[in-house]
Structure formats: structure tokens, C-alpha cells
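Asks: Below is start_36.cif; it holds mmCIF, C-alpha atoms and all ligand atoms.
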```cif
data_upload
#
loop_
_atom_site.label_atom_id
_atom_site.label_comp_id
_atom_site.auth_asym_id
_atom_site.auth_seq_id
_atom_site.Cartn_x
_atom_site.Cartn_y
_atom_site.Cartn_z
CA MET A 163 -13.84 -14.13 7.60
CA ALA A 164 -13.53 -13.95 11.42
CA PRO A 165 -14.10 -10.52 13.06
CA ILE A 166 -11.12 -8.23 12.50
CA ARG A 167 -9.69 -6.67 15.70
CA GLY A 168 -6.77 -4.80 14.13
CA TYR A 169 -4.96 -4.06 10.88
CA VAL A 170 -1.27 -4.55 10.05
CA PHE A 171 0.01 -2.87 6.88
CA ASP A 172 3.06 -3.43 4.76
CA ALA A 173 4.76 -0.11 3.96
CA TYR A 174 6.53 0.22 0.60
CA GLY A 175 4.18 -0.15 -2.35
CA THR A 176 1.20 -0.69 -0.03
CA LEU A 177 0.86 2.58 1.92
CA PHE A 178 3.81 4.51 0.48
CA ASP A 179 4.06 5.20 -3.20
CA VAL A 180 7.68 4.72 -4.28
CA HIS A 181 7.07 6.64 -7.52
CA SER A 182 9.23 9.52 -6.30
CA VAL A 183 12.15 7.09 -6.30
CA ILE A 184 11.59 6.63 -10.05
CA GLU A 185 11.46 10.41 -10.50
CA ALA A 186 14.80 10.81 -8.72
CA GLY A 187 16.32 8.35 -11.23
CA ARG A 188 15.56 10.71 -14.12
CA ALA A 189 18.68 12.71 -13.28
CA ILE A 190 20.98 9.84 -14.28
CA THR A 191 19.13 7.71 -16.82
CA GLY A 192 16.64 8.04 -19.66
CA ASP A 193 14.96 4.86 -18.42
CA PRO A 194 14.35 5.50 -14.71
CA ALA A 195 11.69 2.77 -14.59
CA ALA A 196 14.31 0.13 -15.53
CA LEU A 197 16.62 1.39 -12.78
CA SER A 198 13.78 1.46 -10.28
CA THR A 199 12.61 -2.08 -11.15
CA LEU A 200 16.09 -3.60 -10.87
CA TRP A 201 16.83 -1.59 -7.70
CA ARG A 202 13.64 -2.87 -6.02
CA GLN A 203 14.29 -6.46 -7.15
CA LYS A 204 17.87 -6.43 -5.84
CA GLN A 205 16.76 -4.72 -2.63
CA LEU A 206 14.37 -7.59 -1.89
CA GLU A 207 16.85 -10.23 -3.07
CA TYR A 208 19.48 -8.87 -0.68
CA THR A 209 17.00 -8.99 2.23
CA TRP A 210 16.28 -12.66 1.48
CA LEU A 211 19.96 -13.52 0.95
CA ARG A 212 21.11 -11.73 4.12
CA SER A 213 18.37 -13.46 6.12
CA LEU A 214 19.48 -16.88 4.85
CA MET A 215 23.13 -16.02 5.46
CA GLY A 216 22.43 -14.79 8.99
CA ARG A 217 24.10 -11.47 8.09
CA TYR A 218 21.52 -8.80 8.82
CA GLU A 219 22.19 -5.20 7.90
CA ASP A 220 19.40 -2.68 8.12
CA PHE A 221 17.17 -1.77 5.18
CA TRP A 222 18.96 1.51 4.56
CA ALA A 223 22.27 -0.34 4.04
CA VAL A 224 20.61 -3.05 1.94
CA THR A 225 18.82 -0.45 -0.19
CA GLU A 226 22.04 1.44 -0.84
CA ALA A 227 23.93 -1.77 -1.72
CA ALA A 228 21.13 -2.72 -4.13
CA LEU A 229 21.31 0.72 -5.74
CA ARG A 230 25.09 0.53 -6.20
CA PHE A 231 24.78 -2.93 -7.79
CA SER A 232 21.92 -1.82 -10.07
CA LEU A 233 23.85 1.23 -11.31
CA ARG A 234 26.83 -0.99 -12.19
CA ARG A 235 24.63 -3.67 -13.76
CA LEU A 236 22.96 -1.08 -16.02
CA GLY A 237 26.25 0.65 -16.79
CA LEU A 238 25.09 3.96 -15.31
CA ARG A 239 27.46 6.56 -13.94
CA ALA A 240 26.44 8.24 -10.69
CA GLY A 241 28.54 10.21 -8.23
CA GLU A 242 28.17 10.09 -4.46
CA ALA A 243 25.91 13.16 -4.48
CA GLU A 244 23.56 11.51 -7.00
CA ILE A 245 23.51 8.27 -5.01
CA ALA A 246 22.67 10.28 -1.89
CA ARG A 247 19.83 12.01 -3.74
CA LEU A 248 18.37 8.71 -4.92
CA MET A 249 18.55 7.29 -1.39
CA GLU A 250 16.93 10.40 0.06
CA ALA A 251 13.87 9.81 -2.12
CA TYR A 252 13.07 6.99 0.35
CA LEU A 253 12.86 9.52 3.19
CA SER A 254 10.27 11.76 1.54
CA LEU A 255 7.68 9.37 0.13
CA ALA A 256 4.04 10.22 -0.39
CA CYS A 257 1.25 7.80 0.41
CA PHE A 258 -1.12 6.55 -2.27
CA PRO A 259 -4.02 9.02 -2.66
CA GLU A 260 -6.65 6.74 -1.12
CA VAL A 261 -4.65 5.93 2.04
CA PRO A 262 -5.90 8.69 4.42
CA ALA A 263 -9.55 7.84 3.63
CA ALA A 264 -8.86 4.11 3.85
CA LEU A 265 -7.29 4.43 7.33
CA GLU A 266 -10.06 6.78 8.44
CA ARG A 267 -12.61 4.12 7.50
CA LEU A 268 -10.85 1.58 9.76
CA ALA A 269 -10.26 3.93 12.71
CA GLY A 270 -11.31 2.65 16.12
CA ARG A 271 -9.28 -0.53 15.85
CA PRO A 272 -5.48 -0.52 16.18
CA LEU A 273 -3.65 0.20 12.93
CA ALA A 274 0.02 -0.70 12.48
CA ILE A 275 2.80 -0.72 9.93
CA LEU A 276 5.01 -3.83 9.85
CA SER A 277 7.85 -3.31 7.44
CA ASN A 278 11.35 -4.22 6.34
CA GLY A 279 12.16 -0.51 6.60
CA SER A 280 14.59 0.65 9.28
CA PRO A 281 13.00 2.66 12.11
CA ARG A 282 14.51 5.90 10.75
CA MET A 283 13.24 5.25 7.20
CA LEU A 284 9.75 4.42 8.47
CA GLN A 285 9.54 7.45 10.75
CA ALA A 286 10.58 9.68 7.84
CA ALA A 287 8.01 8.17 5.47
CA VAL A 288 5.23 8.32 8.08
CA ALA A 289 6.05 11.99 8.66
CA SER A 290 6.35 12.95 4.98
CA SER A 291 3.09 11.19 4.07
CA GLY A 292 1.23 12.75 7.02
CA LEU A 293 -0.03 9.41 8.38
CA GLY A 294 1.41 9.67 11.90
CA ALA A 295 -1.85 10.48 13.69
CA ARG A 296 -3.67 7.56 12.07
CA LEU A 297 -1.23 4.77 13.06
CA GLN A 298 -0.90 3.33 16.56
CA HIS A 299 2.26 1.27 15.87
CA VAL A 300 5.17 1.48 13.45
CA LEU A 301 6.98 -1.86 13.64
CA SER A 302 10.32 -2.54 11.96
CA VAL A 303 12.01 -5.88 11.30
CA ASP A 304 15.03 -4.24 12.94
CA ALA A 305 13.63 -5.46 16.28
CA VAL A 306 14.38 -9.07 15.26
CA LYS A 307 17.29 -8.44 12.84
CA THR A 308 15.96 -10.47 9.95
CA TYR A 309 13.58 -9.80 7.06
CA LYS A 310 10.18 -10.79 5.75
CA PRO A 311 9.03 -13.47 5.19
CA ALA A 312 10.67 -14.85 8.39
CA PRO A 313 7.92 -15.90 10.84
CA SER A 314 9.68 -13.98 13.65
CA VAL A 315 8.99 -10.75 11.74
CA TYR A 316 5.26 -11.38 11.39
CA ALA A 317 5.11 -12.30 15.10
CA LEU A 318 5.86 -8.65 15.92
CA GLY A 319 2.30 -7.69 14.90
CA PRO A 320 0.28 -9.82 17.34
CA ARG A 321 2.81 -9.04 20.11
CA ALA A 322 2.55 -5.26 19.71
CA LEU A 323 -1.23 -5.15 19.23
CA GLY A 324 -2.02 -7.80 21.86
CA VAL A 325 -4.30 -9.53 19.35
CA PRO A 326 -3.76 -13.04 17.90
CA ALA A 327 -2.76 -13.23 14.22
CA ASP A 328 -6.03 -14.87 13.19
CA ALA A 329 -7.96 -11.83 14.50
CA LEU A 330 -5.76 -9.38 12.56
CA LEU A 331 -5.97 -8.43 8.90
CA PHE A 332 -2.52 -8.17 7.33
CA VAL A 333 -2.56 -5.97 4.24
CA SER A 334 0.12 -5.97 1.55
CA SER A 335 0.50 -5.21 -2.13
CA ASN A 336 3.48 -7.58 -2.32
CA ALA A 337 2.21 -11.05 -3.24
CA TRP A 338 5.15 -12.82 -1.56
CA ASP A 339 4.50 -10.82 1.65
CA VAL A 340 0.86 -11.93 1.47
CA ALA A 341 2.08 -15.54 1.37
CA GLY A 342 4.47 -14.98 4.31
CA ALA A 343 1.75 -13.51 6.53
CA LYS A 344 -0.82 -16.13 5.55
CA ALA A 345 1.67 -18.91 6.32
CA VAL A 346 1.84 -17.82 9.98
CA GLY A 347 -1.91 -17.52 10.47
CA TYR A 348 -2.97 -13.94 9.79
CA GLN A 349 -6.11 -13.14 7.88
CA VAL A 350 -4.68 -11.49 4.78
CA ALA A 351 -5.81 -8.97 2.20
CA TRP A 352 -3.84 -8.56 -1.01
CA CYS A 353 -3.99 -5.04 -2.44
CA ASN A 354 -3.42 -5.95 -6.07
CA ARG A 355 -3.28 -2.56 -7.77
CA THR A 356 -1.76 -3.89 -11.00
CA GLY A 357 -3.74 -7.09 -11.65
CA ALA A 358 -0.66 -9.24 -10.93
CA PRO A 359 -0.92 -13.04 -10.71
CA ALA A 360 -0.78 -14.59 -7.22
CA GLU A 361 2.46 -16.28 -6.16
CA GLU A 362 2.61 -20.07 -6.28
CA LEU A 363 3.67 -20.56 -2.67
CA GLY A 364 0.88 -22.82 -1.46
CA VAL A 365 -1.13 -20.13 0.36
CA ARG A 366 -3.55 -17.48 -0.89
CA ALA A 367 -4.95 -14.21 0.45
CA ASP A 368 -8.38 -14.37 2.08
CA VAL A 369 -9.46 -11.34 0.10
CA GLU A 370 -8.14 -9.37 -2.87
CA VAL A 371 -8.82 -5.66 -3.39
CA SER A 372 -7.55 -3.15 -5.93
CA ARG A 373 -7.69 -0.15 -3.55
CA LEU A 374 -7.27 0.14 0.21
CA THR A 375 -10.67 1.82 0.58
CA ASP A 376 -12.22 -1.59 -0.29
CA LEU A 377 -10.70 -3.47 2.66
CA PRO A 378 -13.15 -5.50 4.75
CA VAL A 379 -14.17 -3.79 8.03
C1 LIG B 401 8.10 -3.64 3.34
C2 LIG B 401 8.45 -4.07 1.95
C3 LIG B 401 8.26 -5.52 1.76
O1 LIG B 401 7.67 -2.50 3.56
O2 LIG B 401 7.65 -3.42 1.03
O3 LIG B 401 8.28 -4.46 4.25
#
```
The structure in this file should be written as C-alpha cells.
Replies:
Amino acid sequence: MAPIRGYVFDAYGTLFDVHSVIEAGRAITGDPAALSTLWRQKQLEYTWLRSLMGRYEDFWAVTEAALRFSLRRLGLRAGEAEIARLMEAYLSLACFPEVPAALERLAGRPLAILSNGSPRMLQAAVASSGLGARLQHVLSVDAVKTYKPAPSVYALGPRALGVPADALLFVSSNAWDVAGAKAVGYQVAWCNRTGAPAEELGVRADVEVSRLTDLPV
């Protein structure tokens, strides 16, 4: 691999553990994991569909729409207060336990988040997980009003850090996000915590790790 001059991290599922979103679902269903899985799948699907349609709405709106669909699809009853509580789980996420040590290990080079999250959602998660002091940039797709894996989103990283994509390591736990970043020339690490198969999208990560403390330096 070429020398790495900066790191660009995906947010949800990579730095931030969305487990608390599953916990919040316990109040309305005996199978919160099923709700959480469908909610996440629809959330991503809506980002891709809205990007193709040219009808951007921010990630907060997309996430709420995906939740409302998922509740109906699963036949679950939830009032407005319960929906608000589920949404608020996104504003108080914890990071995965190894994240502070992993970022500490990389300190000295610029570290950034590049995420679908809206600026408000990302600021809240950075604050609640205590990562603010370790990150130099928090970049949201909201700046270009479309979603990953649009090339214009990934271009935000090199622009903000002043480093070309091939000298940056993009880090994501989402295999499709790995493919999107690789397709536009980043060096890419896939944090594969669950032993998932790689996507068949014609590009592969340069390196695969199971924890962020194993990233190449
Ligand atoms: C993000 C989603 C893809 O943070 O996890 O951009």
C-alpha cells in the first residue's frame, strides 16, 4: 500500500454502534432486531432511490420515512412519542469500544468522518460518543445533496483534507461503501466485524480487518 496521509471514516456501523437503536425498539416489539434490520435496509434503500430520483432529503428525514414504512410493513403500532424516541436513539449513539484507542493510534495525521448523516445527526453522535477531540473533520453528504455511493460524496474527503484520494485510507464496515470509495480511487480498509462476504461490485478493499485497532498505519 502507498503511504497513508490521512484517514476518512464512515460513521454508522463503523465508528458508531447503532445497537442502542435496537434497544429503543424493545418498547414496541418483541423482535427489535427484525425492526432494526428492516429499518436500516429501508434507510439505505431510500438514500439510493432518492439519489437516483434527484430528490434529496436529508438523512434525518430519510431515516424517519424508513422507520414509518418499517413499522407498517411489520404491522407494529407506534404513536408519535414512540417514533420520536426511536429517532432520538440516533442522536445519542455510543462508539464501538475500540474506537478511542484506534483513533489514538492514528493521531498525527488528519482524521475525518464522511457520512450520509445530516450535520446535526453527526454532531450529536460525535458529542455523545466523546470523539470530538480526535477528529479534524466531520463531513456530511448534505454539502452535495446526494448520497453514497455517488462519486461527488467521496470527493468531499480529498477536498477537505487537501490530500489526494490515493493517499487516503477510507475505512468502512459497509461493504457497498467500501466498493464506492474504491471505485473513485481511495485506498480502502473494510472493517468486517461480522465475517460478511464481500460485495460483487467489481472492486475489493485493499485490506480487511475485524477491529479498527488493526488498521494499517
Ligand atoms: C454512513 C452510513 C453509510 O454513515 O453508514 O454514511
Asks: So how far away is atom CA of Leu238 of chain A from atom CA of Ala173 of chain A, in Å?
Replies: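 According to the coordinates, atom CA of Ala173 of chain A and atom CA of Leu238 of chain A are separated by 28.3 Å.
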Asks: Could you pull out the residues sitting within 12 Å of ligand LIG 401 (chain B), using only C-alpha atoms and all ligand atoms, and write them as a ChimeraX atom specification?
Replies: /A:170-180,202-203,205-210,220-221,225,252,274-281,283-284,287-288,300-304,308-312,315-316,332-343
Asks: When you count all atoms listed in the file, which of these residues is closest to Leu229 of chain A: A:Leu248, A:Ala360, A:Ile190, A:Met215?
Replies: A:Leu248
Asks: When you draw a straight line from atom CA of Arg321 of chain A to atom CA of Val346 of chain A, how long is it in Å?
Replies: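 These atoms are spaced 13.4 Å apart.
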Asks: In Å, rounded to a single decimal, give me how far atom CA of Ile166 of chain A is from atom CA of Ala329 of chain A.
Replies: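 Atom-to-atom, atom CA of Ala329 of chain A to atom CA of Ile166 of chain A, that is 5.2 Å.
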Asks: Within 12 Å of Arg188 of chain A, counting only C-alpha atoms, which residues qualify if same-chain residues fewer than 6 places away don't, as an mmCIF file with C-alpha atoms, in the frame of the given file?
Replies:
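Produced file part-v5.cif, reproduced below:
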```cif
data_model
loop_
_atom_site.group_PDB
_atom_site.id
_atom_site.type_symbol
_atom_site.label_atom_id
_atom_site.label_comp_id
_atom_site.auth_asym_id
_atom_site.auth_seq_id
_atom_site.Cartn_x
_atom_site.Cartn_y
_atom_site.Cartn_z
ATOM 1 C CA HIS A 181 7.070 6.640 -7.520
ATOM 2 C CA SER A 182 9.230 9.520 -6.300
ATOM 3 C CA PRO A 194 14.350 5.500 -14.710
ATOM 4 C CA ALA A 195 11.690 2.770 -14.590
ATOM 5 C CA ALA A 196 14.310 0.130 -15.530
ATOM 6 C CA LEU A 197 16.620 1.390 -12.780
ATOM 7 C CA SER A 198 13.780 1.460 -10.280
ATOM 8 C CA LEU A 238 25.090 3.960 -15.310
ATOM 9 C CA ALA A 240 26.440 8.240 -10.690
ATOM 10 C CA GLU A 244 23.560 11.510 -7.000
ATOM 11 C CA ARG A 247 19.830 12.010 -3.740
ATOM 12 C CA LEU A 248 18.370 8.710 -4.920
#
```
Asks: Please rebuild segment 164-189 of chain A with N, CA and C atoms and return the result as a short mmCIF file (atom, residue, chain, number, x, y, z; two decimals), in the coordinates of the input.
Replies:
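See selection12.cif below for the written result:
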```
data_model
loop_
_atom_site.label_atom_id
_atom_site.label_comp_id
_atom_site.auth_asym_id
_atom_site.auth_seq_id
_atom_site.Cartn_x
_atom_site.Cartn_y
_atom_site.Cartn_z
N ALA A 164 -13.30 -14.20 9.98
CA ALA A 164 -13.53 -13.95 11.42
C ALA A 164 -13.51 -12.44 11.67
N PRO A 165 -14.14 -11.98 12.77
CA PRO A 165 -14.10 -10.52 13.06
C PRO A 165 -12.66 -10.01 13.12
N ILE A 166 -12.46 -8.82 12.58
CA ILE A 166 -11.12 -8.23 12.50
C ILE A 166 -10.93 -7.26 13.67
N ARG A 167 -9.90 -7.50 14.50
CA ARG A 167 -9.69 -6.67 15.70
C ARG A 167 -8.52 -5.69 15.54
N GLY A 168 -7.86 -5.74 14.38
CA GLY A 168 -6.77 -4.80 14.13
C GLY A 168 -6.21 -5.02 12.74
N TYR A 169 -5.48 -4.02 12.25
CA TYR A 169 -4.96 -4.06 10.88
C TYR A 169 -3.45 -3.85 10.90
N VAL A 170 -2.73 -4.66 10.13
CA VAL A 170 -1.27 -4.55 10.05
C VAL A 170 -0.91 -4.37 8.57
N PHE A 171 -0.28 -3.23 8.28
CA PHE A 171 0.01 -2.87 6.88
C PHE A 171 1.48 -3.01 6.55
N ASP A 172 1.74 -3.54 5.37
CA ASP A 172 3.06 -3.43 4.76
C ASP A 172 3.26 -1.95 4.39
N ALA A 173 4.51 -1.53 4.22
CA ALA A 173 4.76 -0.11 3.96
C ALA A 173 4.97 0.20 2.48
N TYR A 174 6.12 -0.23 1.93
CA TYR A 174 6.53 0.22 0.60
C TYR A 174 5.69 -0.44 -0.50
N GLY A 175 5.03 0.38 -1.28
CA GLY A 175 4.18 -0.15 -2.35
C GLY A 175 2.76 -0.40 -1.89
N THR A 176 2.55 -0.46 -0.57
CA THR A 176 1.20 -0.69 -0.03
C THR A 176 0.62 0.62 0.46
N LEU A 177 1.29 1.25 1.45
CA LEU A 177 0.86 2.58 1.92
C LEU A 177 1.63 3.68 1.18
N PHE A 178 2.95 3.46 1.07
CA PHE A 178 3.81 4.51 0.48
C PHE A 178 4.05 4.24 -0.99
N ASP A 179 3.85 5.27 -1.76
CA ASP A 179 4.06 5.20 -3.20
C ASP A 179 5.53 5.49 -3.48
N VAL A 180 6.24 4.52 -4.04
CA VAL A 180 7.68 4.72 -4.28
C VAL A 180 7.95 5.38 -5.64
N HIS A 181 6.91 5.98 -6.22
CA HIS A 181 7.07 6.64 -7.52
C HIS A 181 8.14 7.74 -7.49
N SER A 182 8.24 8.44 -6.36
CA SER A 182 9.23 9.52 -6.30
C SER A 182 10.65 8.99 -6.42
N VAL A 183 10.83 7.71 -6.11
CA VAL A 183 12.15 7.09 -6.30
C VAL A 183 12.45 7.00 -7.80
N ILE A 184 11.42 6.68 -8.58
CA ILE A 184 11.59 6.63 -10.05
C ILE A 184 11.94 8.03 -10.57
N GLU A 185 11.21 9.03 -10.07
CA GLU A 185 11.46 10.41 -10.50
C GLU A 185 12.91 10.82 -10.25
N ALA A 186 13.42 10.44 -9.08
CA ALA A 186 14.80 10.81 -8.72
C ALA A 186 15.80 10.19 -9.69
N GLY A 187 15.44 9.04 -10.28
CA GLY A 187 16.32 8.35 -11.23
C GLY A 187 16.47 9.07 -12.55
N ARG A 188 15.52 9.98 -12.86
CA ARG A 188 15.56 10.71 -14.12
C ARG A 188 16.85 11.50 -14.31
N ALA A 189 17.46 11.90 -13.20
CA ALA A 189 18.68 12.71 -13.28
C ALA A 189 19.85 11.93 -13.87
#
```
